[in-house]
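Worksheet: one structure, shown below.
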Amino acid sequence: MSKKQKKRQLSLTYKPIGFVLSWAAGSLAGIAFQKTWMAIRHEEDAPDALDKERGWGEVLLAAAVQGAIFAVVRSAVDRSGAKVIERSTGVWPSPDKSGRD
């Protein structure tokens with residue numbers, strides 16, 4: 001099997017693994033955001049966009065913090081998973097250099 005065929009087959013095999021890793025990353029990011037929000041505002045619940053009692057600043061701050069944490073955690077988990085696959089198989093799991101599809 002050529003390296004190109006192996007890479008294509010690996011990317012199909014990696015999809016379910018990537019899904020599980022993304023799910024785990026989302027869970028970890030949610031926990032990290034809750035802890036971070038508690039440290040920032042000393043509140044258990046972060047404001048939601050539809051929370052009438054909260055102001056724009058609070059809602060946008062919560063969204064920005066949550067987005068940043070989610071992006072960092074997801075990238076760290078995806079990168080770690082890809083490195084493990086590469087070490088195990090010798091092939092990077094993404095079919096091209098663009099990364100996620």
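Following the order of the structure tokens, first chain is A, next is B, and so on, with residues numbered from 1 inside each chain and ligands from 1 in the order they appear.
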
- Tell me, as a VMD selection string, which residues lie within 7 Å of Val59 in chain A, counting only C-alpha atoms; anything in the same chain fewer than 4 positions away does not count. chain A and resid 47 to 49 54 to 55 63

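Excluding Leu21 in chain A and any residue on its chain fewer than 2 positions from it, the residues at most 10 Å away by only C-alpha atoms are Lys15, Pro16, Ile17, Gly18, Phe19, Trp23, Ala24, Ala25, Gly26, Ser27, Arg74, Val77, Asp78, Ser80 and Gly81 of chain A.
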
What would the file look like if the residues just selected were written as an mmCIF file, in the first residue's frame with N, CA, C and O atoms?
data_model
loop_
_atom_site.group_PDB
_atom_site.id
_atom_site.type_symbol
_atom_site.label_atom_id
_atom_site.label_comp_id
_atom_site.auth_asym_id
_atom_site.auth_seq_id
_atom_site.Cartn_x
_atom_site.Cartn_y
_atom_site.Cartn_z
ATOM 1 N N LYS A 15 -11.451 9.587 11.816
ATOM 2 C CA LYS A 15 -12.684 10.373 12.010
ATOM 3 C C LYS A 15 -13.418 10.014 13.301
ATOM 4 O O LYS A 15 -13.749 10.910 14.072
ATOM 5 N N PRO A 16 -13.713 8.734 13.581
ATOM 6 C CA PRO A 16 -14.406 8.438 14.841
ATOM 7 C C PRO A 16 -13.556 8.766 16.065
ATOM 8 O O PRO A 16 -14.072 9.228 17.083
ATOM 9 N N ILE A 17 -12.257 8.573 15.958
ATOM 10 C CA ILE A 17 -11.368 8.922 17.063
ATOM 11 C C ILE A 17 -11.382 10.431 17.271
ATOM 12 O O ILE A 17 -11.468 10.916 18.396
ATOM 13 N N GLY A 18 -11.329 11.175 16.173
ATOM 14 C CA GLY A 18 -11.390 12.628 16.247
ATOM 15 C C GLY A 18 -12.696 13.113 16.855
ATOM 16 O O GLY A 18 -12.716 14.082 17.606
ATOM 17 N N PHE A 19 -13.794 12.420 16.538
ATOM 18 C CA PHE A 19 -15.093 12.779 17.111
ATOM 19 C C PHE A 19 -15.069 12.606 18.623
ATOM 20 O O PHE A 19 -15.501 13.489 19.367
ATOM 21 N N TRP A 23 -15.374 15.534 21.466
ATOM 22 C CA TRP A 23 -16.380 15.472 22.531
ATOM 23 C C TRP A 23 -15.691 15.642 23.894
ATOM 24 O O TRP A 23 -16.157 16.392 24.741
ATOM 25 N N ALA A 24 -14.589 14.945 24.073
ATOM 26 C CA ALA A 24 -13.842 15.057 25.332
ATOM 27 C C ALA A 24 -13.307 16.481 25.519
ATOM 28 O O ALA A 24 -13.346 17.022 26.630
ATOM 29 N N ALA A 25 -12.829 17.080 24.442
ATOM 30 C CA ALA A 25 -12.320 18.449 24.518
ATOM 31 C C ALA A 25 -13.435 19.411 24.916
ATOM 32 O O ALA A 25 -13.216 20.311 25.731
ATOM 33 N N GLY A 26 -14.617 19.223 24.363
ATOM 34 C CA GLY A 26 -15.752 20.070 24.729
ATOM 35 C C GLY A 26 -16.100 19.941 26.200
ATOM 36 O O GLY A 26 -16.385 20.943 26.875
ATOM 37 N N SER A 27 -16.072 18.723 26.703
ATOM 38 C CA SER A 27 -16.352 18.502 28.123
ATOM 39 C C SER A 27 -15.295 19.146 29.008
ATOM 40 O O SER A 27 -15.613 19.807 29.997
ATOM 41 N N ARG A 74 -9.568 22.561 22.688
ATOM 42 C CA ARG A 74 -9.800 21.731 21.498
ATOM 43 C C ARG A 74 -8.514 21.568 20.686
ATOM 44 O O ARG A 74 -8.195 20.467 20.235
ATOM 45 N N VAL A 77 -6.135 19.157 22.535
ATOM 46 C CA VAL A 77 -6.576 17.761 22.448
ATOM 47 C C VAL A 77 -6.410 17.228 21.025
ATOM 48 O O VAL A 77 -5.903 16.120 20.822
ATOM 49 N N ASP A 78 -6.798 18.013 20.017
ATOM 50 C CA ASP A 78 -6.642 17.577 18.620
ATOM 51 C C ASP A 78 -5.178 17.352 18.272
ATOM 52 O O ASP A 78 -4.823 16.362 17.637
ATOM 53 N N SER A 80 -2.667 16.726 20.318
ATOM 54 C CA SER A 80 -2.158 15.561 21.042
ATOM 55 C C SER A 80 -2.594 14.260 20.374
ATOM 56 O O SER A 80 -1.793 13.337 20.213
ATOM 57 N N GLY A 81 -3.851 14.192 19.972
ATOM 58 C CA GLY A 81 -4.352 12.995 19.289
ATOM 59 C C GLY A 81 -3.630 12.754 17.974
ATOM 60 O O GLY A 81 -3.266 11.621 17.646
#

- Message: What's around Ala62 in chain A at 8 Å? Count only C-alpha atoms, leave out sequence neighbours fewer than 3 positions away in its own chain, and write the answer as a ChimeraX atom specification.
- Response: /A:37,46-47,58-59,65-66

Go ahead and write the residues just picked, N, CA, C and O atoms, as a PDB file, in the first residue's frame.
ATOM      1  N   TRP A  37     -14.735  30.996  35.260  1.00  0.00           N
ATOM      2  CA  TRP A  37     -15.770  31.984  35.556  1.00  0.00           C
ATOM      3  C   TRP A  37     -15.924  32.159  37.067  1.00  0.00           C
ATOM      4  O   TRP A  37     -16.104  33.265  37.546  1.00  0.00           O
ATOM      5  N   ALA A  46     -22.436  31.353  34.575  1.00  0.00           N
ATOM      6  CA  ALA A  46     -22.045  32.443  33.677  1.00  0.00           C
ATOM      7  C   ALA A  46     -23.300  32.970  32.990  1.00  0.00           C
ATOM      8  O   ALA A  46     -24.270  32.238  32.795  1.00  0.00           O
ATOM      9  N   PRO A  47     -23.290  34.232  32.597  1.00  0.00           N
ATOM     10  CA  PRO A  47     -24.464  34.777  31.924  1.00  0.00           C
ATOM     11  C   PRO A  47     -24.650  34.186  30.537  1.00  0.00           C
ATOM     12  O   PRO A  47     -23.686  33.871  29.852  1.00  0.00           O
ATOM     13  N   GLU A  58     -21.084  41.886  30.622  1.00  0.00           N
ATOM     14  CA  GLU A  58     -20.968  40.573  31.277  1.00  0.00           C
ATOM     15  C   GLU A  58     -21.175  39.436  30.286  1.00  0.00           C
ATOM     16  O   GLU A  58     -20.434  38.452  30.275  1.00  0.00           O
ATOM     17  N   VAL A  59     -22.204  39.589  29.450  1.00  0.00           N
ATOM     18  CA  VAL A  59     -22.524  38.538  28.472  1.00  0.00           C
ATOM     19  C   VAL A  59     -21.382  38.373  27.475  1.00  0.00           C
ATOM     20  O   VAL A  59     -20.953  37.250  27.173  1.00  0.00           O
ATOM     21  N   VAL A  65     -14.416  34.674  26.982  1.00  0.00           N
ATOM     22  CA  VAL A  65     -13.632  33.756  27.818  1.00  0.00           C
ATOM     23  C   VAL A  65     -13.944  32.310  27.444  1.00  0.00           C
ATOM     24  O   VAL A  65     -13.041  31.481  27.273  1.00  0.00           O
ATOM     25  N   GLN A  66     -15.229  32.010  27.280  1.00  0.00           N
ATOM     26  CA  GLN A  66     -15.626  30.644  26.923  1.00  0.00           C
ATOM     27  C   GLN A  66     -15.058  30.244  25.562  1.00  0.00           C
ATOM     28  O   GLN A  66     -14.551  29.139  25.395  1.00  0.00           O
TER      29      GLN A  66
END

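Residue nearest Thr13 in chain A, chosen from A:Lys52, A:Thr36, A:Gly90, A:Ile85 and counting only C-alpha atoms: A:Ile85.
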
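Counting from CA of Ser75 in chain A, the distance to CA of Thr89 in chain A is 20.8 Å.
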
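Reported to one decimal place, the separation of CA of Ile31 in chain A from CA of Ala76 in chain A is 15.2 Å.
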
- helix (DSSP H, G or I) residues, from DSSP on the backbone, in chain A, as a ChimeraX atom specification: /A:3-41,56-89

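Pairwise distance (CA of Leu61 in chain A, CA of Gly30 in chain A) equals 15.5 Å.
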
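Shortest separation to Gly67 in chain A among A:Ala29, A:Pro93, A:Lys83, A:Leu12 occurs at residue A:Ala29, atoms counted being only C-alpha atoms.
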